[in-house]
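S.K.: mmCIF, C-alpha atoms, saved as data_36.cif, coming up:
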data_structure
#
loop_
_atom_site.label_atom_id
_atom_site.label_comp_id
_atom_site.auth_asym_id
_atom_site.auth_seq_id
_atom_site.Cartn_x
_atom_site.Cartn_y
_atom_site.Cartn_z
CA MET I 10 1.26 -40.25 -7.71
CA ALA I 11 2.18 -41.94 -4.43
CA ASP I 12 5.73 -42.62 -3.29
CA LEU I 13 6.32 -46.37 -3.69
CA ARG I 14 9.81 -46.39 -2.18
CA ILE I 15 10.29 -48.65 0.83
CA ASN I 16 12.86 -48.98 3.59
CA LEU I 17 13.05 -52.52 4.93
CA ALA I 18 15.50 -52.66 7.86
CA GLY I 19 17.69 -50.08 6.16
CA ILE I 20 17.43 -51.67 2.72
CA GLN I 21 16.20 -49.06 0.25
CA SER I 22 14.09 -50.10 -2.74
CA PRO I 23 12.34 -48.06 -5.47
CA ASN I 24 9.13 -50.04 -4.93
CA PRO I 25 7.88 -52.89 -2.71
CA PHE I 26 7.87 -55.51 -5.46
CA TRP I 27 10.79 -57.96 -5.33
CA LEU I 28 11.32 -61.25 -7.09
CA ALA I 29 11.72 -64.07 -4.59
CA SER I 30 14.70 -66.37 -4.49
CA ALA I 31 13.71 -68.94 -7.12
CA PRO I 32 14.19 -69.84 -10.80
CA PRO I 33 13.36 -66.28 -11.99
CA THR I 34 16.46 -64.97 -10.15
CA ASN I 35 18.86 -67.70 -11.20
CA SER I 36 21.17 -65.50 -13.30
CA GLY I 37 22.30 -61.96 -13.96
CA TYR I 38 20.56 -62.03 -17.32
CA GLN I 39 17.21 -62.72 -15.67
CA VAL I 40 17.58 -60.25 -12.82
CA GLN I 41 18.66 -57.47 -15.19
CA ARG I 42 15.67 -58.12 -17.43
CA ALA I 43 13.44 -58.00 -14.33
CA PHE I 44 14.87 -54.63 -13.29
CA GLU I 45 14.31 -53.31 -16.79
CA ALA I 46 10.68 -54.41 -16.49
CA GLY I 47 10.24 -52.44 -13.26
CA TRP I 48 10.87 -54.80 -10.34
CA GLY I 49 12.26 -52.91 -7.37
CA GLY I 50 14.44 -55.73 -6.13
CA ALA I 51 15.42 -59.35 -6.45
CA VAL I 52 16.50 -62.01 -4.01
CA TRP I 53 19.13 -63.98 -5.90
CA LYS I 54 18.53 -67.71 -6.15
CA THR I 55 19.99 -69.34 -3.06
CA LEU I 56 23.77 -69.55 -3.02
CA GLY I 57 25.81 -72.30 -1.38
CA ASP I 58 27.69 -75.35 -2.53
CA PRO I 59 26.33 -76.02 -6.06
CA ILE I 60 24.04 -79.04 -6.32
CA ILE I 61 22.84 -81.34 -9.10
CA ASN I 62 19.17 -80.86 -9.96
CA VAL I 63 16.80 -83.51 -11.30
CA SER I 64 14.50 -83.64 -14.32
CA SER I 65 11.55 -83.17 -14.27
CA ARG I 66 11.01 -80.83 -11.33
CA PHE I 67 7.83 -78.67 -11.59
CA ALA I 68 4.10 -79.42 -11.38
CA GLY I 69 1.09 -77.12 -11.62
CA LEU I 70 -2.38 -77.44 -10.16
CA THR I 71 -5.31 -76.53 -12.41
CA PHE I 72 -8.48 -75.83 -10.43
CA ASN I 73 -11.85 -75.11 -11.99
CA GLY I 74 -10.21 -73.95 -15.20
CA GLN I 75 -7.57 -71.76 -13.56
CA ARG I 76 -4.11 -72.88 -14.53
CA VAL I 77 -1.33 -72.70 -11.92
CA ALA I 78 -3.71 -72.16 -9.03
CA GLY I 79 -0.97 -73.98 -7.15
CA PHE I 80 2.63 -74.77 -8.04
CA ASN I 81 4.97 -77.48 -6.81
CA ASN I 82 8.71 -77.87 -7.29
CA ILE I 83 11.46 -80.29 -6.33
CA GLU I 84 14.21 -77.96 -7.53
CA LEU I 85 17.04 -77.13 -5.15
CA ILE I 86 19.39 -74.17 -4.70
CA THR I 87 21.75 -72.88 -7.40
CA ASP I 88 23.45 -75.47 -9.55
CA ARG I 89 25.99 -72.90 -10.75
CA PRO I 90 29.41 -72.21 -9.14
CA LEU I 91 29.50 -69.50 -6.49
CA GLU I 92 32.16 -67.58 -8.42
CA VAL I 93 29.87 -67.31 -11.46
CA ASN I 94 26.95 -66.05 -9.38
CA LEU I 95 29.11 -63.50 -7.57
CA LYS I 96 30.48 -62.17 -10.86
CA GLU I 97 26.94 -61.69 -12.20
CA ILE I 98 25.73 -60.06 -8.97
CA LEU I 99 28.59 -57.56 -9.20
CA GLU I 100 27.80 -56.78 -12.85
CA THR I 101 24.07 -56.43 -12.14
CA LYS I 102 24.59 -54.11 -9.17
CA LYS I 103 26.91 -51.89 -11.22
CA ARG I 104 24.32 -51.66 -13.97
CA PHE I 105 21.37 -51.11 -11.62
CA PRO I 106 22.81 -49.33 -8.55
CA ASN I 107 19.40 -48.08 -7.35
CA HIS I 108 17.71 -51.48 -7.42
CA THR I 109 17.82 -53.90 -4.51
CA ILE I 110 19.83 -57.11 -4.69
CA ILE I 111 19.55 -59.52 -1.77
CA ALA I 112 21.69 -62.65 -1.63
CA SER I 113 19.87 -65.75 -0.42
CA LEU I 114 22.28 -68.05 1.42
CA MET I 115 22.25 -71.65 2.61
CA VAL I 116 25.18 -73.54 4.06
CA GLU I 117 25.78 -76.22 6.65
CA PRO I 118 25.01 -75.17 10.23
CA LYS I 119 28.64 -74.37 11.00
CA GLN I 120 29.96 -71.00 12.15
CA GLU I 121 32.93 -70.94 9.76
CA LYS I 122 30.71 -71.76 6.78
CA TRP I 123 28.41 -68.83 7.51
CA HIS I 124 31.31 -66.44 8.06
CA GLU I 125 32.95 -67.47 4.79
CA ILE I 126 29.92 -67.12 2.52
CA VAL I 127 28.71 -63.88 4.13
CA LYS I 128 32.06 -62.19 3.53
CA ARG I 129 32.36 -63.43 -0.04
CA VAL I 130 28.87 -62.31 -0.98
CA GLU I 131 29.08 -58.91 0.66
CA ASP I 132 32.31 -58.20 -1.22
CA VAL I 133 30.34 -57.93 -4.49
CA GLY I 134 28.03 -55.21 -3.18
CA VAL I 135 24.71 -56.82 -2.23
CA ASP I 136 22.23 -54.70 -0.29
CA GLY I 137 21.37 -57.41 2.19
CA LEU I 138 21.34 -61.12 2.98
CA GLU I 139 18.46 -63.58 3.28
CA LEU I 140 19.18 -66.74 5.25
CA ASN I 141 17.22 -69.61 3.71
CA PHE I 142 15.85 -71.68 6.58
CA GLY I 143 12.79 -72.72 4.64
CA CYS I 144 13.45 -75.03 1.68
CA PRO I 145 11.47 -78.19 2.55
CA HIS I 146 13.03 -80.71 0.20
CA GLY I 147 16.42 -81.99 -0.88
CA MET I 148 18.48 -79.57 1.17
CA ALA I 149 16.50 -80.42 4.30
CA GLU I 150 17.60 -84.03 3.94
CA ARG I 151 21.16 -82.69 4.17
CA GLY I 152 20.50 -80.85 7.43
CA MET I 153 19.86 -77.44 5.86
CA GLY I 154 16.77 -75.50 4.79
CA SER I 155 13.67 -76.37 6.81
CA ALA I 156 15.62 -78.98 8.80
CA SER I 157 17.31 -75.99 10.43
CA GLY I 158 14.27 -73.73 10.17
CA GLN I 159 12.08 -76.05 12.25
CA VAL I 160 14.41 -75.84 15.24
CA PRO I 161 14.31 -72.44 16.98
CA ALA I 162 17.69 -72.98 18.63
CA LEU I 163 19.32 -73.58 15.23
CA VAL I 164 17.57 -70.55 13.73
CA GLU I 165 18.88 -68.35 16.53
CA LYS I 166 22.40 -69.78 16.43
CA GLN I 167 22.84 -69.56 12.65
CA THR I 168 21.37 -66.07 12.52
CA TYR I 169 23.88 -65.04 15.18
CA TRP I 170 26.75 -66.56 13.18
CA ALA I 171 25.70 -64.71 10.04
CA LYS I 172 25.34 -61.46 11.97
CA GLU I 173 28.84 -61.87 13.39
CA ALA I 174 30.27 -61.47 9.88
CA ALA I 175 27.60 -59.36 8.17
CA LYS I 176 27.88 -55.66 7.47
CA THR I 177 24.57 -55.49 5.58
CA PRO I 178 21.08 -56.19 6.99
CA VAL I 179 20.21 -59.85 7.58
CA ILE I 180 16.74 -61.17 6.70
CA VAL I 181 15.77 -64.64 7.96
CA LYS I 182 13.44 -66.61 5.68
CA LEU I 183 11.12 -68.86 7.67
CA THR I 184 9.53 -72.21 6.90
CA PRO I 185 5.75 -72.62 7.16
CA ASN I 186 6.22 -76.32 7.90
CA ILE I 187 5.97 -75.78 11.63
CA THR I 188 3.24 -75.59 14.26
CA ASP I 189 3.87 -71.99 15.33
CA ILE I 190 5.90 -69.72 13.05
CA THR I 191 6.16 -67.07 15.76
CA ALA I 192 8.50 -69.39 17.70
CA THR I 193 11.10 -69.42 14.93
CA ALA I 194 10.48 -65.77 14.10
CA TYR I 195 11.26 -64.87 17.71
CA ALA I 196 14.36 -67.08 17.59
CA ALA I 197 15.55 -65.18 14.53
CA VAL I 198 15.05 -61.88 16.35
CA GLN I 199 16.95 -63.23 19.35
CA GLY I 200 19.78 -64.15 16.99
CA GLY I 201 19.96 -60.57 15.78
CA ALA I 202 17.90 -60.68 12.57
CA ASP I 203 17.20 -57.26 11.09
CA ALA I 204 14.07 -58.57 9.33
CA ILE I 205 12.21 -61.78 8.59
CA SER I 206 10.62 -63.07 5.40
CA MET I 207 7.82 -65.60 5.01
CA ILE I 208 6.66 -67.94 3.87
CA ASN I 209 8.85 -70.41 2.08
CA THR I 210 7.13 -73.29 0.31
CA ILE I 211 4.86 -75.84 1.98
CA ASN I 212 5.59 -79.57 2.00
CA SER I 213 3.49 -81.15 -0.72
CA LEU I 214 2.85 -83.87 -3.25
CA MET I 215 1.05 -82.38 -6.25
CA GLY I 216 -0.66 -85.54 -7.43
CA VAL I 217 -0.61 -89.02 -8.89
CA ASP I 218 -1.07 -89.87 -12.57
CA LEU I 219 -4.01 -92.30 -12.64
CA ASP I 220 -2.84 -93.90 -15.89
CA THR I 221 0.80 -94.57 -14.97
CA TRP I 222 0.49 -94.37 -11.16
CA ASN I 223 3.58 -92.18 -11.12
CA THR I 224 3.78 -89.17 -8.85
CA VAL I 225 3.51 -85.71 -10.43
CA PRO I 226 6.22 -84.76 -11.17
CA HIS I 227 8.31 -87.92 -11.31
CA VAL I 228 11.95 -88.65 -12.03
CA ALA I 229 12.31 -91.96 -13.88
CA GLY I 230 9.25 -93.32 -12.10
CA LYS I 231 10.17 -92.06 -8.63
CA GLY I 232 8.78 -89.04 -6.81
CA ALA I 233 9.53 -86.99 -3.71
CA HIS I 234 7.82 -84.35 -1.63
CA GLY I 235 8.32 -80.83 -2.89
CA GLY I 236 7.53 -77.22 -2.08
CA TYR I 237 4.03 -75.83 -2.72
CA CYS I 238 3.38 -72.19 -3.59
CA GLY I 239 1.20 -70.08 -5.88
CA PRO I 240 -2.20 -68.37 -5.37
CA ALA I 241 -3.57 -71.25 -3.30
CA VAL I 242 -1.14 -70.63 -0.43
CA LYS I 243 -1.90 -66.93 -0.02
CA PRO I 244 -4.32 -67.31 2.96
CA ILE I 245 -1.74 -69.43 4.82
CA ALA I 246 1.04 -66.95 4.15
CA LEU I 247 -1.11 -63.94 5.05
CA ASN I 248 -2.03 -65.52 8.38
CA MET I 249 1.60 -66.20 9.25
CA VAL I 250 2.64 -62.67 8.37
CA ALA I 251 -0.20 -61.32 10.51
CA GLU I 252 0.67 -63.56 13.46
CA CYS I 253 4.26 -62.32 13.45
CA ALA I 254 3.26 -58.70 12.86
CA ARG I 255 0.99 -58.65 15.91
CA HIS I 256 3.47 -60.48 18.16
CA PRO I 257 4.93 -57.79 20.45
CA GLU I 258 8.35 -59.44 20.72
CA ILE I 259 8.84 -59.84 16.96
CA ASN I 260 9.54 -56.18 16.37
CA VAL I 261 11.36 -56.37 13.04
CA PRO I 262 10.18 -55.62 9.48
CA ILE I 263 8.61 -58.41 7.42
CA SER I 264 9.06 -59.26 3.76
CA GLY I 265 5.83 -61.00 2.72
CA ILE I 266 5.87 -64.02 0.41
CA GLY I 267 3.25 -66.52 -0.70
CA GLY I 268 0.66 -66.46 -3.48
CA ILE I 269 1.04 -62.77 -4.34
CA SER I 270 -0.23 -62.42 -7.90
CA ASN I 271 -1.36 -58.80 -8.25
CA TRP I 272 -1.38 -55.41 -6.55
CA ARG I 273 -4.40 -56.29 -4.44
CA ASP I 274 -2.60 -59.26 -2.90
CA ALA I 275 0.40 -57.04 -2.24
CA ALA I 276 -1.76 -54.39 -0.56
CA GLU I 277 -3.28 -57.01 1.74
CA PHE I 278 0.17 -58.18 2.83
CA LEU I 279 1.25 -54.60 3.46
CA LEU I 280 -1.87 -53.91 5.53
CA MET I 281 -1.18 -57.02 7.59
CA GLY I 282 2.34 -55.90 8.46
CA ALA I 283 4.68 -56.60 5.55
CA THR I 284 6.96 -53.74 4.50
CA GLY I 285 7.47 -55.25 1.04
CA VAL I 286 6.55 -58.36 -0.90
CA GLN I 287 8.31 -61.06 -2.89
CA VAL I 288 6.80 -62.74 -5.94
CA CYS I 289 7.70 -65.99 -7.70
CA THR I 290 4.89 -68.12 -9.14
CA ALA I 291 3.03 -65.23 -10.79
CA ALA I 292 6.21 -64.17 -12.59
CA MET I 293 6.83 -67.76 -13.71
CA HIS I 294 3.26 -67.97 -14.99
CA HIS I 295 2.98 -64.60 -16.73
CA GLY I 296 6.50 -63.18 -17.08
CA PHE I 297 8.28 -60.18 -15.63
CA SER I 298 5.95 -57.62 -17.22
CA ILE I 299 3.23 -58.28 -14.60
CA VAL I 300 5.03 -55.83 -12.34
CA GLU I 301 3.76 -52.96 -14.52
CA ASP I 302 0.16 -53.68 -13.50
CA MET I 303 1.25 -54.18 -9.90
CA ILE I 304 2.91 -50.77 -9.78
CA ASP I 305 0.06 -48.99 -11.57
CA GLY I 306 -2.61 -50.70 -9.47
CA LEU I 307 -0.94 -49.93 -6.15
CA ASN I 308 -0.28 -46.34 -7.21
CA ASN I 309 -3.92 -45.80 -8.17
CA TYR I 310 -5.15 -47.40 -4.95
CA LEU I 311 -2.97 -45.18 -2.79
CA ASP I 312 -4.03 -42.09 -4.74
CA GLU I 313 -7.70 -42.98 -4.32
CA LYS I 314 -7.18 -43.41 -0.58
CA GLY I 315 -5.24 -40.16 -0.34
CA ILE I 316 -2.16 -41.95 0.97
CA ALA I 317 1.10 -40.23 0.06
CA SER I 318 3.54 -43.08 0.69
CA VAL I 319 3.24 -46.85 0.49
CA MET I 320 5.03 -47.03 3.84
CA ASP I 321 1.94 -45.40 5.37
CA LEU I 322 -0.05 -48.51 4.44
CA VAL I 323 2.18 -50.92 6.36
CA GLY I 324 0.47 -52.61 9.30
CA LYS I 325 -2.76 -50.63 9.25
CA SER I 326 -4.91 -53.78 9.62
CA VAL I 327 -2.78 -55.57 12.22
CA SER I 328 -4.78 -54.21 15.17
CA ARG I 329 -7.94 -55.64 13.58
CA TYR I 330 -6.53 -59.18 13.64
CA SER I 331 -7.18 -60.86 16.96
CA ASN I 332 -7.99 -64.14 18.69
CA TRP I 333 -11.37 -65.84 18.45
CA GLY I 334 -11.99 -65.19 22.13
CA ASP I 335 -11.84 -61.44 21.53
CA LEU I 336 -14.61 -61.39 18.89
CA ASP I 337 -18.00 -59.83 19.70
CA LEU I 338 -20.57 -62.57 20.31
CA ASN I 339 -23.43 -60.08 20.05
CA TYR I 340 -22.65 -58.81 16.56
CA LYS I 341 -25.39 -59.87 14.14
CA ALA I 342 -25.33 -60.01 10.34
CA VAL I 343 -27.76 -61.75 7.99
CA ALA I 344 -27.96 -62.55 4.29
CA ARG I 345 -30.37 -60.68 2.03
CA ILE I 346 -31.13 -61.80 -1.52
CA ASN I 347 -31.60 -59.09 -4.12
CA ARG I 348 -34.50 -60.34 -6.19
CA ASP I 349 -33.72 -58.04 -9.12
CA THR I 350 -30.23 -59.52 -9.44
CA CYS I 351 -30.84 -63.14 -8.43
CA ILE I 352 -30.98 -65.61 -11.35
CA ASN I 353 -32.74 -68.33 -9.30
CA CYS I 354 -29.95 -70.85 -9.85
CA ASN I 355 -30.83 -72.27 -6.40
CA LYS I 356 -27.18 -72.68 -5.37
CA CYS I 357 -27.71 -70.72 -2.17
CA HIS I 358 -30.80 -72.72 -1.21
CA ILE I 359 -29.04 -76.05 -1.76
CA ALA I 360 -25.97 -74.98 0.21
CA CYS I 361 -28.02 -73.63 3.09
CA GLU I 362 -30.50 -76.53 3.16
CA ASP I 363 -27.90 -79.29 2.95
CA THR I 364 -24.92 -77.91 4.84
CA SER I 365 -25.88 -74.84 6.83
CA HIS I 366 -28.95 -73.59 8.77
CA GLN I 367 -31.97 -74.22 6.50
CA CYS I 368 -33.07 -70.59 6.47
CA ILE I 369 -33.46 -69.87 2.74
CA GLU I 370 -37.01 -70.43 1.49
CA ARG I 371 -38.42 -70.78 -2.02
CA HIS I 372 -41.54 -68.70 -2.74
CA THR I 373 -43.80 -67.92 -5.67
CA ASP I 374 -45.94 -64.86 -6.33
CA GLU I 375 -47.46 -63.14 -9.38
CA GLN I 376 -43.98 -62.23 -10.58
CA GLY I 377 -42.74 -65.82 -10.41
CA ALA I 378 -40.43 -67.87 -8.22
CA TYR I 379 -37.99 -66.23 -5.84
CA LEU I 380 -35.75 -67.01 -2.88
CA LYS I 381 -35.91 -65.30 0.52
CA VAL I 382 -33.86 -65.56 3.70
CA ARG I 383 -35.71 -66.21 6.95
CA GLU I 384 -33.62 -63.67 8.81
CA GLU I 385 -34.55 -64.70 12.34
CA ASP I 386 -32.84 -68.05 11.74
CA CYS I 387 -29.90 -66.78 9.68
CA VAL I 388 -26.59 -66.90 11.57
CA GLY I 389 -24.65 -64.82 9.05
CA CYS I 390 -22.30 -67.63 8.07
CA ASN I 391 -21.72 -66.12 4.56
CA LEU I 392 -22.00 -69.51 2.80
CA CYS I 393 -24.84 -68.44 0.48
CA SER I 394 -22.97 -65.34 -0.67
CA ILE I 395 -19.82 -67.42 -1.23
CA VAL I 396 -21.49 -70.01 -3.48
CA CYS I 397 -23.62 -67.45 -5.36
CA PRO I 398 -22.33 -67.06 -8.94
CA VAL I 399 -23.69 -63.52 -9.37
CA ASP I 400 -21.94 -60.52 -7.83
CA GLY I 401 -24.36 -58.40 -5.83
CA ALA I 402 -27.14 -60.96 -5.70
CA ILE I 403 -26.66 -61.61 -1.99
CA ASP I 404 -25.57 -58.99 0.55
CA MET I 405 -24.42 -59.62 4.10
CA VAL I 406 -26.15 -56.95 6.16
CA GLU I 407 -25.60 -55.89 9.76
CA VAL I 408 -29.00 -55.98 11.44
CA TYR I 409 -28.07 -55.12 14.99
CA SER I 410 -25.27 -55.17 17.48
CA ASP I 411 -26.07 -55.30 21.17
CA GLN I 412 -23.66 -54.25 23.88
CA PRO I 413 -20.40 -55.93 22.81
CA MET I 414 -19.53 -59.11 24.68
CA THR I 415 -16.59 -61.33 23.78
CA TRP I 416 -16.10 -64.93 24.88
CA ASN I 417 -13.22 -63.87 27.12
CA GLU I 418 -15.33 -61.14 28.72
CA ARG I 419 -18.20 -63.59 29.17
CA GLN I 420 -15.98 -66.12 30.93
CA LYS I 421 -14.51 -63.39 33.11
CA ALA I 422 -18.00 -62.26 34.10
CA ILE I 423 -19.06 -65.84 34.89
CA SER I 424 -15.95 -66.34 37.00
CA ALA I 425 -16.67 -63.12 38.88
CA VAL I 426 -20.22 -64.25 39.65
CA LYS I 427 -18.96 -67.61 40.90
CA CYS I 428 -16.46 -65.87 43.16
CA ASP I 429 -19.18 -63.64 44.56
CA LEU I 430 -21.44 -66.63 45.26
CA GLU I 431 -18.61 -68.49 46.96
CA THR I 432 -17.96 -65.59 49.29
CA VAL I 433 -21.62 -65.27 50.30
#
Show this structure as structure tokens.

M.R.:
Amino acid sequence: MADLRINLAGIQSPNPFWLASAPPTNSGYQVQRAFEAGWGGAVWKTLGDPIINVSSRFAGLTFNGQRVAGFNNIELITDRPLEVNLKEILETKKRFPNHTIIASLMVEPKQEKWHEIVKRVEDVGVDGLELNFGCPHGMAERGMGSASGQVPALVEKQTYWAKEAAKTPVIVKLTPNITDITATAYAAVQGGADAISMINTINSLMGVDLDTWNTVPHVAGKGAHGGYCGPAVKPIALNMVAECARHPEINVPISGIGGISNWRDAAEFLLMGATGVQVCTAAMHHGFSIVEDMIDGLNNYLDEKGIASVMDLVGKSVSRYSNWGDLDLNYKAVARINRDTCINCNKCHIACEDTSHQCIERHTDEQGAYLKVREEDCVGCNLCSIVCPVDGAIDMVEVYSDQPMTWNERQKAISAVKCDLETV
């Protein structure tokens, strides 16, 4: 059995699976139940000046029969007094000394405010701090959350203020509601962050009720933008983790967040540079017990790969993530349809004929109708294999690869030729 223990910027955890700062970590009762279920850590629901929440506040997206493919909320930070939260953190840490408790914090962008809350929270024995610069709604309108997180100078300054008072590692949680997340990640590092976490939720409006014309959700007939998360945001989150992991000046550990629903998702985040992961929507959908499958699945995967420690998985795919201009233009793959498996639903032919490169042909012989790819015209776009409803019916096959030539290399060669001609 592999060693699932992680070390994230000096924060020890029995496994890489943490609950994110959200409704599942709102109280000591919940966090203790999560630890009993097997979660390695929890980021306590964001602490600050208690707020008043609204009702209703959640909305789920059902897509093609899958419930909670996406999740939206207009809930804010803790609505319970700081003293109550601190008392429960202290009790929980005493009961589970080997599990990780991170305090998520959000206060006004003032030095004295950060110093005060950091000292009070650290006094109850947390293992680390997470500065919430990501919440896109409610708190942002008050100058906190993503309102701070979208301004690199504010990220750097507030991180520095927190670090001035902190004795435990400081993680900075970043907003995805920005053009380039590496800019704010670098600002956090410049401010002294020991680690970064991403992503927080994405600005969103879940929908409109076509009978009432109210937004979903609505509060007495009024709606507001909220934060979007769940399985649907995973590709966005994974990209942002990868961008930060491959950035040479962002040399701090990453806690990956966004659409992680099972051990496979977690493994992908680890491969792309995350040291550990945080989960919210999946736990809200299925309960705390999902961590059992996550632990078992990751353990089995590591054993099958012959990997002794989960830390050995971290970042192994980062070097394979590059810019478009560094991709090999001469690499060639084509689609091949397996006649024995194909059910002749015609989905691939329709997709290719209408929206791709018109290279799938319909044929008939003594055995009946069948589909075949005209490989000389296939560009390897993958569309047919994506829309095919039968696993294994269409394979993407490498047919040849000439001497590698990237776009950047091509342009460099063209420039060199032009220079030579100009000197003649």

S.K.: Could you tell me how far atom CA of Lys182 of chain I sits from atom CA of Thr87 of chain I, in Å to one decimal place?

M.R.: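 Between atom CA of Thr87 of chain I and atom CA of Lys182 of chain I the gap is 16.7 Å.
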
S.K.: Could you tell me which residues the PyMOL selection byres ((chain I and resi 106) around 12) grabs in this file, written as a ChimeraX atom specification?

M.R.: /I:21-23,41,44,49-50,98-105,107-110,134-136

S.K.: May I ask for the distance between atom CA of Ser65 of chain I and atom CA of Val228 of chain I, given in Å to one decimal place?

M.R.: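 Rounded to one decimal, the two atoms are 5.9 Å apart.
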
S.K.: Could you check how far atom CA of Lys243 of chain I sits from atom CA of Ile269 of chain I, in Å to one decimal?

M.R.: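 Computed distance, atom CA of Lys243 of chain I to atom CA of Ile269 of chain I, equals 6.7 Å.
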
S.K.: Leaving out segment 67-75 of chain I and any residue of its chain fewer than 4 positions from it, which residues lie within 8 Å of it when counting all atoms listed in the file, given as a PyMOL selection string?

M.R.: chain I and resi 79-84+215+225-226

S.K.: Nearest to Pro25 of chain I: which of I:Thr284, I:Asn353, I:Ser157, I:Gln39 is it, counting only C-alpha atoms?

M.R.: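 Under the stated criterion, the closest residue is I:Thr284.
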
S.K.: Residues near Ile346 of chain I, anyone? I mean within 9 Å using only C-alpha atoms, not counting same-chain ones fewer than 6 positions away, as a ChimeraX atom specification.

M.R.: /I:380-382,394,401-404

S.K.: List the neighbours of segment 58-64 of chain I out to 10 Å using all atoms listed in the file; skip same-chain residues closer than 4 positions along the sequence, and give me the result as a PyMOL selection string.

M.R.: chain I and resi 83-91+114-117+126+147-148+226-229

S.K.: Write out as a list in words the residues lying within 9 Å of Ala171 of chain I, counting all atoms listed in the file and excluding same-chain residues fewer than 4 positions away.

M.R.: Gln120, Trp123, His124, Ile126, Val127, Leu140, Lys166, Gln167, Ala175 and Val179 of chain I

S.K.: So which residues touch Gly334 of chain I within 12 Å, counting all atoms listed in the file, skipping near sequence neighbours fewer than 5 positions away, as a list in words?

M.R.: Met414, Thr415, Trp416, Asn417, Glu418, Arg419, Gln420 and Lys421 of chain I

S.K.: Considering all atoms listed in the file, state which residue in the set I:Val40, I:Ala276, I:Val327, I:Leu338 is at the smallest distance from Asn308 of chain I.

M.R.: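 When distances to Asn308 of chain I are compared using all atoms listed in the file, the smallest one comes from I:Ala276.
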
S.K.: Here's the selection I'm unsure about, the PyMOL selection byres ((chain I and resi 355) around 12); applied to the file above, which residues does it give, as a PyMOL selection string?

M.R.: chain I and resi 346+351-354+356-362+369-372+378-381+393-394+396-399+402

S.K.: Would you please work out which residue, of I:Asp218, I:Asp374, I:Asp386, I:Asp189, is nearest to Asn248 of chain I when using all atoms listed in the file?

M.R.: I:Asp189

S.K.: Can you give me, as number ranges by chain, the residues this file yields under the PyMOL selection byres ((chain I and resi 271) around 8)?

M.R.: I: 269-270, 272-275, 299, 302-303

S.K.: Output C-alpha atoms of each residue in that selection to a file, as a short mmCIF file (atom, residue, chain, number, x, y, z; two decimals), in the frame of the given file.

M.R.:
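Done, and the output landed in again.cif:
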data_model
loop_
_atom_site.label_atom_id
_atom_site.label_comp_id
_atom_site.auth_asym_id
_atom_site.auth_seq_id
_atom_site.Cartn_x
_atom_site.Cartn_y
_atom_site.Cartn_z
CA ILE I 269 1.04 -62.77 -4.34
CA SER I 270 -0.23 -62.42 -7.90
CA TRP I 272 -1.38 -55.41 -6.55
CA ARG I 273 -4.40 -56.29 -4.44
CA ASP I 274 -2.60 -59.26 -2.90
CA ALA I 275 0.40 -57.04 -2.24
CA ILE I 299 3.23 -58.28 -14.60
CA ASP I 302 0.16 -53.68 -13.50
CA MET I 303 1.25 -54.18 -9.90
#

S.K.: Of the candidates I:Val242, I:Ala46, I:Met153, I:Ala18, which one gets nearest to Ile304 of chain I if we count only C-alpha atoms?

M.R.: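 That would be I:Ala46, the residue with the smallest distance to Ile304 of chain I.
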
S.K.: Determine the nearest neighbour of Phe278 of chain I from the options I:Ser206, I:Asn391, I:Asn223, I:Thr290, counting all atoms listed in the file.

M.R.: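 The closest residue to Phe278 of chain I is I:Ser206.
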
S.K.: Of the candidates I:Arg329, I:His366, I:Lys54, I:His256, which one gets nearest to Leu138 of chain I if we count only C-alpha atoms?

M.R.: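 The closest residue to Leu138 of chain I is I:Lys54.
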